[in-house]
$ cat coords14.pdb   # PDB, C-alpha atoms
ATOM      1  CA  MET A   1     -25.018 183.142 140.124  1.00  0.00           C
ATOM      2  CA  PRO A   2     -26.672 181.548 137.142  1.00  0.00           C
ATOM      3  CA  PHE A   3     -26.535 177.750 136.795  1.00  0.00           C
ATOM      4  CA  LEU A   4     -24.585 176.632 133.757  1.00  0.00           C
ATOM      5  CA  LYS A   5     -25.730 173.392 132.186  1.00  0.00           C
ATOM      6  CA  THR A   6     -22.838 171.410 130.715  1.00  0.00           C
ATOM      7  CA  PRO A   7     -23.610 169.144 127.767  1.00  0.00           C
ATOM      8  CA  LYS A   8     -23.321 165.392 128.355  1.00  0.00           C
ATOM      9  CA  ARG A   9     -20.165 163.897 126.920  1.00  0.00           C
ATOM     10  CA  THR A  10     -20.705 161.086 124.488  1.00  0.00           C
ATOM     11  CA  GLU A  11     -18.179 158.542 123.224  1.00  0.00           C
ATOM     12  CA  PRO A  12     -17.285 158.675 119.543  1.00  0.00           C
ATOM     13  CA  LEU A  13     -19.468 156.388 117.473  1.00  0.00           C
ATOM     14  CA  ALA A  14     -16.422 154.539 116.078  1.00  0.00           C
ATOM     15  CA  LYS A  15     -15.290 153.635 119.600  1.00  0.00           C
ATOM     16  CA  ILE A  16     -18.748 152.410 120.551  1.00  0.00           C
ATOM     17  CA  TRP A  17     -19.003 150.099 117.550  1.00  0.00           C
ATOM     18  CA  ASN A  18     -15.448 148.882 118.072  1.00  0.00           C
ATOM     19  CA  GLU A  19     -16.298 147.830 121.635  1.00  0.00           C
ATOM     20  CA  LYS A  20     -19.377 146.027 120.399  1.00  0.00           C
ATOM     21  CA  ALA A  21     -17.272 144.248 117.786  1.00  0.00           C
ATOM     22  CA  GLN A  22     -14.864 142.819 120.355  1.00  0.00           C
ATOM     23  CA  LYS A  23     -15.500 139.096 120.605  1.00  0.00           C
ATOM     24  CA  CYS A  24     -15.335 137.299 123.935  1.00  0.00           C
ATOM     25  CA  GLY A  25     -17.194 134.189 125.055  1.00  0.00           C
ATOM     26  CA  LEU A  26     -19.534 132.044 122.981  1.00  0.00           C
ATOM     27  CA  ARG A  27     -20.588 133.635 119.717  1.00  0.00           C
ATOM     28  CA  HIS A  28     -22.762 132.660 116.819  1.00  0.00           C
ATOM     29  CA  THR A  29     -21.177 132.273 113.395  1.00  0.00           C
ATOM     30  CA  VAL A  30     -18.762 135.053 112.444  1.00  0.00           C
ATOM     31  CA  TYR A  31     -18.250 135.462 108.707  1.00  0.00           C
ATOM     32  CA  SER A  32     -15.153 136.798 106.966  1.00  0.00           C
ATOM     33  CA  VAL A  33     -15.078 138.758 103.713  1.00  0.00           C
ATOM     34  CA  ASN A  34     -13.468 135.815 101.853  1.00  0.00           C
ATOM     35  CA  GLY A  35     -16.290 133.470 102.862  1.00  0.00           C
ATOM     36  CA  ASP A  36     -14.557 131.787 105.818  1.00  0.00           C
ATOM     37  CA  GLN A  37     -16.615 131.341 108.965  1.00  0.00           C
ATOM     38  CA  TYR A  38     -16.127 130.434 112.619  1.00  0.00           C
ATOM     39  CA  THR A  39     -18.611 129.345 115.250  1.00  0.00           C
ATOM     40  CA  GLY A  40     -17.463 128.931 118.835  1.00  0.00           C
ATOM     41  CA  VAL A  41     -15.771 130.476 121.838  1.00  0.00           C
ATOM     42  CA  TRP A  42     -13.615 133.624 121.778  1.00  0.00           C
ATOM     43  CA  LEU A  43     -11.225 135.291 124.210  1.00  0.00           C
ATOM     44  CA  ASP A  44      -9.796 138.789 123.708  1.00  0.00           C
ATOM     45  CA  ASN A  45     -10.981 138.763 120.093  1.00  0.00           C
ATOM     46  CA  LYS A  46      -9.203 135.463 119.369  1.00  0.00           C
ATOM     47  CA  LYS A  47     -10.552 131.932 118.921  1.00  0.00           C
ATOM     48  CA  HIS A  48     -10.042 130.256 122.262  1.00  0.00           C
ATOM     49  CA  GLY A  49     -11.862 127.174 123.531  1.00  0.00           C
ATOM     50  CA  THR A  50     -13.919 124.904 121.304  1.00  0.00           C
ATOM     51  CA  GLY A  51     -15.115 125.943 117.886  1.00  0.00           C
ATOM     52  CA  THR A  52     -15.603 125.115 114.231  1.00  0.00           C
ATOM     53  CA  GLN A  53     -13.717 126.885 111.441  1.00  0.00           C
ATOM     54  CA  VAL A  54     -14.551 126.625 107.747  1.00  0.00           C
ATOM     55  CA  TRP A  55     -12.050 127.695 105.075  1.00  0.00           C
ATOM     56  CA  LYS A  56     -14.246 128.099 101.993  1.00  0.00           C
ATOM     57  CA  ARG A  57     -11.565 128.465  99.308  1.00  0.00           C
ATOM     58  CA  ALA A  58      -9.434 125.554 100.604  1.00  0.00           C
ATOM     59  CA  GLY A  59     -12.487 123.364 101.229  1.00  0.00           C
ATOM     60  CA  LEU A  60     -11.379 122.516 104.774  1.00  0.00           C
ATOM     61  CA  LEU A  61     -13.242 122.287 108.064  1.00  0.00           C
ATOM     62  CA  TYR A  62     -11.729 122.072 111.541  1.00  0.00           C
ATOM     63  CA  ASP A  63     -13.742 121.167 114.613  1.00  0.00           C
ATOM     64  CA  GLY A  64     -11.983 121.089 117.960  1.00  0.00           C
ATOM     65  CA  ASP A  65      -9.897 123.016 120.489  1.00  0.00           C
ATOM     66  CA  TRP A  66      -8.347 126.454 120.011  1.00  0.00           C
ATOM     67  CA  ARG A  67      -5.847 128.472 121.987  1.00  0.00           C
ATOM     68  CA  ARG A  68      -5.132 132.136 121.330  1.00  0.00           C
ATOM     69  CA  GLY A  69      -6.268 131.908 117.720  1.00  0.00           C
ATOM     70  CA  GLU A  70      -4.460 128.649 116.862  1.00  0.00           C
ATOM     71  CA  ARG A  71      -5.538 125.023 116.775  1.00  0.00           C
ATOM     72  CA  ASP A  72      -4.313 123.507 120.013  1.00  0.00           C
ATOM     73  CA  GLY A  73      -5.574 120.430 121.858  1.00  0.00           C
ATOM     74  CA  ARG A  74      -7.747 117.772 120.191  1.00  0.00           C
ATOM     75  CA  GLY A  75      -9.502 118.288 116.898  1.00  0.00           C
ATOM     76  CA  THR A  76     -10.646 116.898 113.565  1.00  0.00           C
ATOM     77  CA  LEU A  77      -9.722 118.245 110.136  1.00  0.00           C
ATOM     78  CA  SER A  78     -12.007 117.378 107.192  1.00  0.00           C
ATOM     79  CA  ARG A  79     -11.939 118.115 103.447  1.00  0.00           C
ATOM     80  CA  TRP A  80     -14.884 118.861 101.186  1.00  0.00           C
ATOM     81  CA  HIS A  81     -15.494 116.325  98.398  1.00  0.00           C
ATOM     82  CA  THR A  82     -17.404 117.870  95.523  1.00  0.00           C
ATOM     83  CA  ASP A  83     -18.473 114.565  93.947  1.00  0.00           C
ATOM     84  CA  GLU A  84     -20.044 113.266  97.142  1.00  0.00           C
ATOM     85  CA  LYS A  85     -21.018 116.733  98.411  1.00  0.00           C
ATOM     86  CA  GLU A  86     -19.826 116.158 101.954  1.00  0.00           C
ATOM     87  CA  TYR A  87     -16.849 116.654 104.248  1.00  0.00           C
ATOM     88  CA  LYS A  88     -14.627 113.633 104.831  1.00  0.00           C
ATOM     89  CA  LYS A  89     -12.210 113.210 107.709  1.00  0.00           C
ATOM     90  CA  VAL A  90      -8.532 113.836 106.936  1.00  0.00           C
ATOM     91  CA  TYR A  91      -6.957 113.944 110.390  1.00  0.00           C
ATOM     92  CA  HIS A  92      -8.115 113.357 113.934  1.00  0.00           C
ATOM     93  CA  GLY A  93      -5.863 113.782 116.932  1.00  0.00           C
ATOM     94  CA  GLY A  94      -3.622 116.195 118.778  1.00  0.00           C
ATOM     95  CA  TRP A  95      -2.684 119.742 117.752  1.00  0.00           C
ATOM     96  CA  LYS A  96      -0.165 122.267 118.999  1.00  0.00           C
ATOM     97  CA  ASN A  97       0.624 125.738 117.652  1.00  0.00           C
ATOM     98  CA  ASN A  98      -1.649 125.131 114.656  1.00  0.00           C
ATOM     99  CA  LYS A  99       0.187 121.908 113.652  1.00  0.00           C
ATOM    100  CA  MET A 100      -0.494 118.211 114.138  1.00  0.00           C
ATOM    101  CA  ASP A 101       1.235 117.170 117.358  1.00  0.00           C
ATOM    102  CA  GLY A 102       0.843 114.208 119.719  1.00  0.00           C
ATOM    103  CA  PHE A 103      -1.072 111.059 118.803  1.00  0.00           C
ATOM    104  CA  GLY A 104      -3.310 111.160 115.773  1.00  0.00           C
ATOM    105  CA  THR A 105      -4.583 109.421 112.653  1.00  0.00           C
ATOM    106  CA  TYR A 106      -4.148 110.824 109.138  1.00  0.00           C
ATOM    107  CA  PHE A 107      -6.117 109.436 106.194  1.00  0.00           C
ATOM    108  CA  TYR A 108      -4.255 109.768 102.878  1.00  0.00           C
ATOM    109  CA  THR A 109      -6.692 107.754 100.751  1.00  0.00           C
ATOM    110  CA  ARG A 110      -9.489 105.300 101.445  1.00  0.00           C
ATOM    111  CA  SER A 111      -6.997 102.454 101.835  1.00  0.00           C
ATOM    112  CA  SER A 112      -3.901 104.218 103.193  1.00  0.00           C
ATOM    113  CA  TYR A 113      -3.568 105.882 106.581  1.00  0.00           C
ATOM    114  CA  TYR A 114      -1.114 106.561 109.399  1.00  0.00           C
ATOM    115  CA  GLU A 115      -1.772 106.329 113.122  1.00  0.00           C
ATOM    116  CA  GLY A 116       0.835 107.242 115.674  1.00  0.00           C
ATOM    117  CA  GLY A 117       2.967 110.091 116.945  1.00  0.00           C
ATOM    118  CA  TRP A 118       3.320 113.549 115.390  1.00  0.00           C
ATOM    119  CA  LYS A 119       5.694 116.429 116.021  1.00  0.00           C
ATOM    120  CA  GLU A 120       5.262 119.868 114.420  1.00  0.00           C
ATOM    121  CA  GLY A 121       3.119 118.454 111.628  1.00  0.00           C
ATOM    122  CA  ARG A 122       5.382 115.490 110.819  1.00  0.00           C
ATOM    123  CA  ARG A 123       5.261 111.810 111.723  1.00  0.00           C
ATOM    124  CA  SER A 124       7.596 111.321 114.681  1.00  0.00           C
ATOM    125  CA  GLY A 125       7.835 108.711 117.434  1.00  0.00           C
ATOM    126  CA  TRP A 126       6.103 105.347 117.139  1.00  0.00           C
ATOM    127  CA  GLY A 127       3.549 104.830 114.393  1.00  0.00           C
ATOM    128  CA  ARG A 128       1.860 102.442 111.999  1.00  0.00           C
ATOM    129  CA  MET A 129       1.551 103.200 108.277  1.00  0.00           C
ATOM    130  CA  GLN A 130      -0.881 101.306 106.073  1.00  0.00           C
ATOM    131  CA  TYR A 131       0.110 101.802 102.421  1.00  0.00           C
ATOM    132  CA  GLU A 132      -2.266 101.638  99.478  1.00  0.00           C
ATOM    133  CA  SER A 133      -0.256  98.713  98.060  1.00  0.00           C
ATOM    134  CA  GLY A 134      -1.124  96.602 101.108  1.00  0.00           C
ATOM    135  CA  ASP A 135       2.305  96.961 102.746  1.00  0.00           C
ATOM    136  CA  VAL A 136       2.348  97.849 106.454  1.00  0.00           C
ATOM    137  CA  TYR A 137       5.164  99.513 108.401  1.00  0.00           C
ATOM    138  CA  GLN A 138       5.131  99.817 112.168  1.00  0.00           C
ATOM    139  CA  GLY A 139       7.977 101.200 114.180  1.00  0.00           C
ATOM    140  CA  GLN A 140       9.848 104.415 114.836  1.00  0.00           C
ATOM    141  CA  TRP A 141       9.600 107.635 112.802  1.00  0.00           C
ATOM    142  CA  LEU A 142      11.537 110.882 112.701  1.00  0.00           C
ATOM    143  CA  GLN A 143      10.615 113.961 110.635  1.00  0.00           C
ATOM    144  CA  ASP A 144       8.155 112.081 108.434  1.00  0.00           C
ATOM    145  CA  GLN A 145      10.522 109.169 107.634  1.00  0.00           C
ATOM    146  CA  GLU A 146      11.190 105.708 109.051  1.00  0.00           C
ATOM    147  CA  ASN A 147      14.062 106.032 111.522  1.00  0.00           C
ATOM    148  CA  GLY A 148      15.158 103.624 114.260  1.00  0.00           C
ATOM    149  CA  GLN A 149      13.734 100.131 114.679  1.00  0.00           C
ATOM    150  CA  GLY A 150      10.754  98.962 112.679  1.00  0.00           C
ATOM    151  CA  MET A 151       9.052  96.140 110.814  1.00  0.00           C
ATOM    152  CA  LEU A 152       7.778  96.249 107.235  1.00  0.00           C
ATOM    153  CA  CYS A 153       5.244  93.602 106.248  1.00  0.00           C
ATOM    154  CA  LEU A 154       4.786  93.358 102.486  1.00  0.00           C
ATOM    155  CA  ALA A 155       1.518  92.501 100.817  1.00  0.00           C
ATOM    156  CA  ASN A 156       2.917  89.064  99.843  1.00  0.00           C
ATOM    157  CA  LYS A 157       3.564  88.345 103.576  1.00  0.00           C
ATOM    158  CA  ASN A 158       7.349  88.695 103.326  1.00  0.00           C
ATOM    159  CA  ARG A 159       8.715  91.027 105.977  1.00  0.00           C
ATOM    160  CA  TYR A 160      11.758  92.957 107.159  1.00  0.00           C
ATOM    161  CA  GLU A 161      12.676  93.530 110.804  1.00  0.00           C
ATOM    162  CA  GLY A 162      15.556  95.762 111.777  1.00  0.00           C
ATOM    163  CA  GLY A 163      17.108  99.202 111.546  1.00  0.00           C
ATOM    164  CA  TRP A 164      15.973 102.148 109.440  1.00  0.00           C
ATOM    165  CA  LYS A 165      17.506 105.495 108.531  1.00  0.00           C
ATOM    166  CA  ASP A 166      15.957 108.289 106.445  1.00  0.00           C
ATOM    167  CA  GLY A 167      13.222 105.981 105.203  1.00  0.00           C
ATOM    168  CA  LYS A 168      15.580 103.176 104.086  1.00  0.00           C
ATOM    169  CA  ARG A 169      16.756  99.895 105.652  1.00  0.00           C
ATOM    170  CA  ASP A 170      19.993 100.566 107.456  1.00  0.00           C
ATOM    171  CA  GLY A 171      21.981  98.618 110.055  1.00  0.00           C
ATOM    172  CA  HIS A 172      21.360  95.071 111.268  1.00  0.00           C
ATOM    173  CA  GLY A 173      18.198  93.426 110.052  1.00  0.00           C
ATOM    174  CA  LYS A 174      16.370  90.271 109.034  1.00  0.00           C
ATOM    175  CA  PHE A 175      14.373  89.701 105.862  1.00  0.00           C
ATOM    176  CA  PHE A 176      11.972  86.769 105.927  1.00  0.00           C
ATOM    177  CA  PHE A 177      11.232  85.344 102.459  1.00  0.00           C
ATOM    178  CA  LEU A 178       8.203  83.417 103.640  1.00  0.00           C
ATOM    179  CA  ASP A 179       7.060  82.725 100.082  1.00  0.00           C
ATOM    180  CA  ARG A 180      10.122  80.510  99.478  1.00  0.00           C
ATOM    181  CA  GLY A 181      11.077  79.623 103.060  1.00  0.00           C
ATOM    182  CA  GLN A 182      14.348  81.527 103.409  1.00  0.00           C
ATOM    183  CA  LEU A 183      15.838  84.034 105.829  1.00  0.00           C
ATOM    184  CA  TYR A 184      18.468  86.679 105.156  1.00  0.00           C
ATOM    185  CA  GLU A 185      20.214  88.103 108.216  1.00  0.00           C
ATOM    186  CA  GLY A 186      22.900  90.715 107.990  1.00  0.00           C
ATOM    187  CA  PHE A 187      23.685  94.376 107.494  1.00  0.00           C
ATOM    188  CA  TRP A 188      22.040  96.964 105.266  1.00  0.00           C
ATOM    189  CA  VAL A 189      23.381 100.296 104.080  1.00  0.00           C
ATOM    190  CA  ASP A 190      21.159 102.917 102.434  1.00  0.00           C
ATOM    191  CA  GLY A 191      18.484 100.329 101.639  1.00  0.00           C
ATOM    192  CA  VAL A 192      20.894  97.752 100.124  1.00  0.00           C
ATOM    193  CA  ALA A 193      21.886  94.432 101.727  1.00  0.00           C
ATOM    194  CA  LYS A 194      25.690  94.457 102.043  1.00  0.00           C
ATOM    195  CA  CYS A 195      26.804  91.483 104.138  1.00  0.00           C
ATOM    196  CA  GLY A 196      24.880  88.606 105.641  1.00  0.00           C
ATOM    197  CA  THR A 197      23.836  84.959 105.515  1.00  0.00           C
ATOM    198  CA  VAL A 198      20.922  83.169 103.873  1.00  0.00           C
ATOM    199  CA  SER A 199      19.390  80.098 105.465  1.00  0.00           C
ATOM    200  CA  ASP A 200      16.228  78.021 105.209  1.00  0.00           C
ATOM    201  CA  PHE A 201      13.359  79.229 107.380  1.00  0.00           C
ATOM    202  CA  GLY A 202      10.041  77.412 107.335  1.00  0.00           C
ATOM    203  CA  ARG A 203      10.918  75.693 104.069  1.00  0.00           C
ATOM    204  CA  ASP A 204       8.372  72.899 104.555  1.00  0.00           C
ATOM    205  CA  GLU A 205       5.469  75.369 104.909  1.00  0.00           C
ATOM    206  CA  ALA A 206       6.562  77.744 102.117  1.00  0.00           C
ATOM    207  CA  PRO A 207       4.234  77.937  99.078  1.00  0.00           C
ATOM    208  CA  GLN A 208       7.152  78.174  96.602  1.00  0.00           C
ATOM    209  CA  PRO A 209      10.274  76.639  98.214  1.00  0.00           C
ATOM    210  CA  GLY A 210      13.570  76.452  96.334  1.00  0.00           C
ATOM    211  CA  THR A 211      14.490  73.275  94.459  1.00  0.00           C
ATOM    212  CA  TYR A 212      17.353  72.461  96.814  1.00  0.00           C
ATOM    213  CA  PRO A 213      17.782  73.256 100.517  1.00  0.00           C
ATOM    214  CA  ILE A 214      20.548  75.660 101.489  1.00  0.00           C
ATOM    215  CA  PRO A 215      23.473  73.713 103.054  1.00  0.00           C
ATOM    216  CA  GLU A 216      24.825  74.776 106.418  1.00  0.00           C
ATOM    217  CA  ILE A 217      28.071  76.744 106.312  1.00  0.00           C
ATOM    218  CA  CYS A 218      30.874  74.923 108.148  1.00  0.00           C
ATOM    219  CA  LEU A 219      34.607  74.134 107.901  1.00  0.00           C
ATOM    220  CA  SER A 220      35.345  70.610 106.755  1.00  0.00           C
ATOM    221  CA  ASP A 221      38.945  70.629 108.117  1.00  0.00           C
ATOM    222  CA  VAL A 222      39.470  73.080 110.970  1.00  0.00           C
ATOM    223  CA  LYS A 223      43.102  72.011 111.621  1.00  0.00           C
ATOM    224  CA  SER A 224      44.157  72.704 108.022  1.00  0.00           C
ATOM    225  CA  VAL A 225      42.668  76.177 108.144  1.00  0.00           C
ATOM    226  CA  LEU A 226      44.447  77.014 111.406  1.00  0.00           C
ATOM    227  CA  THR A 227      47.756  75.591 110.157  1.00  0.00           C
ATOM    228  CA  GLU A 228      47.539  77.638 106.971  1.00  0.00           C
ATOM    229  CA  ALA A 229      46.730  80.767 108.977  1.00  0.00           C
ATOM    230  CA  ARG A 230      49.712  80.134 111.284  1.00  0.00           C
ATOM    231  CA  SER A 231      52.107  79.651 108.388  1.00  0.00           C
ATOM    232  CA  SER A 232      50.875  82.838 106.734  1.00  0.00           C
ATOM    233  CA  CYS A 233      51.340  84.775 109.953  1.00  0.00           C
ATOM    234  CA  VAL A 234      54.859  83.357 110.517  1.00  0.00           C
ATOM    235  CA  ARG A 235      55.933  84.349 107.015  1.00  0.00           C
ATOM    236  CA  SER A 236      54.588  87.846 107.576  1.00  0.00           C
ATOM    237  CA  VAL A 237      56.474  88.246 110.869  1.00  0.00           C
ATOM    238  CA  ASN A 238      59.743  86.852 109.488  1.00  0.00           C
ATOM    239  CA  ALA A 239      59.514  89.208 106.566  1.00  0.00           C
ATOM    240  CA  GLY A 240      59.410  92.059 109.055  1.00  0.00           C
ATOM    241  CA  GLY A 241      62.626  90.890 110.767  1.00  0.00           C
ATOM    242  CA  GLN A 242      60.943  89.765 113.961  1.00  0.00           C
ATOM    243  CA  SER A 243      61.245  86.469 115.830  1.00  0.00           C
ATOM    244  CA  SER A 244      58.732  83.751 114.926  1.00  0.00           C
ATOM    245  CA  SER A 245      58.460  82.833 118.598  1.00  0.00           C
ATOM    246  CA  ARG A 246      56.017  85.693 119.055  1.00  0.00           C
ATOM    247  CA  VAL A 247      53.363  83.756 117.129  1.00  0.00           C
ATOM    248  CA  SER A 248      53.782  80.434 118.890  1.00  0.00           C
ATOM    249  CA  THR A 249      50.348  80.869 120.480  1.00  0.00           C
ATOM    250  CA  LEU A 250      48.765  80.222 117.060  1.00  0.00           C
ATOM    251  CA  THR A 251      49.639  76.505 117.192  1.00  0.00           C
ATOM    252  CA  PRO A 252      46.402  74.590 116.622  1.00  0.00           C
ATOM    253  CA  THR A 253      45.191  72.136 119.212  1.00  0.00           C
TER     254      THR A 253
END
$ encode --input "coords14.pdb" --output "structure tokens"
Amino acid sequence: MPFLKTPKRTEPLAKIWNEKAQKCGLRHTVYSVNGDQYTGVWLDNKKHGTGTQVWKRAGLLYDGDWRRGERDGRGTLSRWHTDEKEYKKVYHGGWKNNKMDGFGTYFYTRSSYYEGGWKEGRRSGWGRMQYESGDVYQGQWLQDQENGQGMLCLANKNRYEGGWKDGKRDGHGKFFFLDRGQLYEGFWVDGVAKCGTVSDFGRDEAPQPGTYPIPEICLSDVKSVLTEARSSCVRSVNAGGQSSSRVSTLTPT
């Protein structure tokens, strides 16, 4: 019986090149058609581990941890400055699901920055915000706004301590007018002081104190006030047809 030689089976060329193109482990720089590039570790054809990504059109560079193709872990985001021809740091800190998450520092300008907690790309938790004006807020944040308890120190050294809601003073709080030696303590609603008291606070050390000190609030004749209140209450009860004996406990002592 003659021996039949069978030809050797070969894989299609497209399949061979596709297998070679699969990225896993440490790779040199991989370039995209739009000019983006990535240098680092891969897993199952996705960025996974540590690596550096450059987005050419956006002028951004990320150097840090990756997980399944998304920024996750610790990393630094920088932006390209054409005038100075270099990348400058924008954010350094935690990442999760491609968003800023955990503790991190974000640089808005050269003189304004935020350091503190982040959640899904927004300031959340405790944090400190240095504004370009020189004002400083430190306290609680929620969804990128001041919420909870916090302190705002103005550039002129005056400060507010108390409650916040949706980025505005809300609830009980104290405002220290250190420039004129006064203190306001009371309640705020939607950023506006509604009810409270003003008293002297460090008047002797204030650079611009008021001409006259604020007098203490007190009743000059307590008995007269109580007697007037009792009479008013008795008239109200009698008008309703009830016995005045029910208000005998209002007699001042």
$ residues_around --input "coords14.pdb" --residues "stretch 44-53 of chain A" --least-positions-apart "3" --cutoff "7 Å" --atoms "all atoms listed in the file" --output "PyMOL selection string"
chain A and resi 22-24+37-41+61-69
$ closest_residue --input "coords14.pdb" --among "A:Gly134, A:Gly25, A:Gly171, A:Gly196" --to "A:Leu183" --atoms "all atoms listed in the file"
A:Gly196
$ resolve_selection --input "coords14.pdb" --expression "the PyMOL selection byres ((chain A and resi 129) around 7)" --output "PDB file with C-alpha atoms, in the coordinates of the input"
ATOM      1  CA  TYR A 113      -3.568 105.882 106.581  1.00  0.00           C
ATOM      2  CA  TYR A 114      -1.114 106.561 109.399  1.00  0.00           C
ATOM      3  CA  GLU A 115      -1.772 106.329 113.122  1.00  0.00           C
ATOM      4  CA  GLY A 127       3.549 104.830 114.393  1.00  0.00           C
ATOM      5  CA  ARG A 128       1.860 102.442 111.999  1.00  0.00           C
ATOM      6  CA  GLN A 130      -0.881 101.306 106.073  1.00  0.00           C
ATOM      7  CA  TYR A 131       0.110 101.802 102.421  1.00  0.00           C
ATOM      8  CA  VAL A 136       2.348  97.849 106.454  1.00  0.00           C
ATOM      9  CA  TYR A 137       5.164  99.513 108.401  1.00  0.00           C
ATOM     10  CA  GLN A 138       5.131  99.817 112.168  1.00  0.00           C
TER      11      GLN A 138
END
$ residues_around --input "coords14.pdb" --residues "A:Gln208" --least-positions-apart "5" --cutoff "10 Å" --atoms "only C-alpha atoms" --output "PyMOL selection string"
chain A and resi 178-181+203
$ residues_around --input "coords14.pdb" --residues "A:Pro215" --least-positions-apart "2" --cutoff "9 Å" --atoms "all atoms listed in the file" --output "VMD selection string"
chain A and resid 199 to 200 212 to 213 217
$ resolve_selection --input "coords14.pdb" --expression "the PyMOL selection byres ((chain A and resi 172) around 8)" --output "number ranges by chain"
A: 162-163, 170-171, 173-174, 185-188
$ axis_aligned_box --input "coords14.pdb" --around "stretch 39-45 of chain A" --padding-each-side "8 Å" --output "JSON"
{"center_x": -14.2, "center_y": 133.9, "center_z": 119.7, "size_x": 24.8, "size_y": 25.9, "size_z": 25.0}
$ atom_distance --input "coords14.pdb" --atom1 "atom CA of A:Cys195" --atom2 "atom CA of A:Met151"
19.5 Å
$ decode --input "coords14.pdb" --residues "stretch 206-217 of chain A" --atoms "N, CA, C and O atoms" --output "short mmCIF file (atom, residue, chain, number, x, y, z; two decimals), in the first residue's frame"
data_model
loop_
_atom_site.label_atom_id
_atom_site.label_comp_id
_atom_site.auth_asym_id
_atom_site.auth_seq_id
_atom_site.Cartn_x
_atom_site.Cartn_y
_atom_site.Cartn_z
N ALA A 206 -7.68 94.28 68.90
CA ALA A 206 -8.15 94.47 67.52
C ALA A 206 -7.48 95.69 66.88
O ALA A 206 -7.32 96.73 67.52
N PRO A 207 -7.10 95.59 65.59
CA PRO A 207 -6.46 96.71 64.91
C PRO A 207 -7.41 97.88 64.65
O PRO A 207 -6.99 99.03 64.62
N GLN A 208 -8.71 97.60 64.47
CA GLN A 208 -9.69 98.66 64.19
C GLN A 208 -10.93 98.45 65.05
O GLN A 208 -12.01 98.13 64.54
N PRO A 209 -10.84 98.61 66.37
CA PRO A 209 -12.00 98.39 67.24
C PRO A 209 -13.06 99.47 67.04
O PRO A 209 -12.76 100.57 66.58
N GLY A 210 -14.30 99.14 67.39
CA GLY A 210 -15.38 100.12 67.30
C GLY A 210 -15.18 101.26 68.28
O GLY A 210 -14.43 101.15 69.26
N THR A 211 -15.86 102.37 68.05
CA THR A 211 -15.71 103.55 68.91
C THR A 211 -16.19 103.27 70.32
O THR A 211 -15.55 103.68 71.30
N TYR A 212 -17.29 102.53 70.43
CA TYR A 212 -17.85 102.24 71.75
C TYR A 212 -17.98 100.74 71.94
O TYR A 212 -18.32 100.01 71.00
N PRO A 213 -17.72 100.25 73.16
CA PRO A 213 -17.89 98.82 73.42
C PRO A 213 -19.37 98.44 73.39
O PRO A 213 -20.24 99.25 73.66
N ILE A 214 -19.63 97.19 73.05
CA ILE A 214 -21.01 96.70 73.01
C ILE A 214 -21.47 96.38 74.42
O ILE A 214 -20.83 95.58 75.12
N PRO A 215 -22.57 96.97 74.90
CA PRO A 215 -23.03 96.71 76.28
C PRO A 215 -23.60 95.30 76.40
O PRO A 215 -24.11 94.73 75.43
N GLU A 216 -23.51 94.75 77.59
CA GLU A 216 -24.07 93.42 77.82
C GLU A 216 -25.60 93.50 77.85
O GLU A 216 -26.18 94.46 78.35
N ILE A 217 -26.23 92.49 77.29
CA ILE A 217 -27.70 92.44 77.26
C ILE A 217 -28.20 91.85 78.58
O ILE A 217 -27.82 90.74 78.97
#
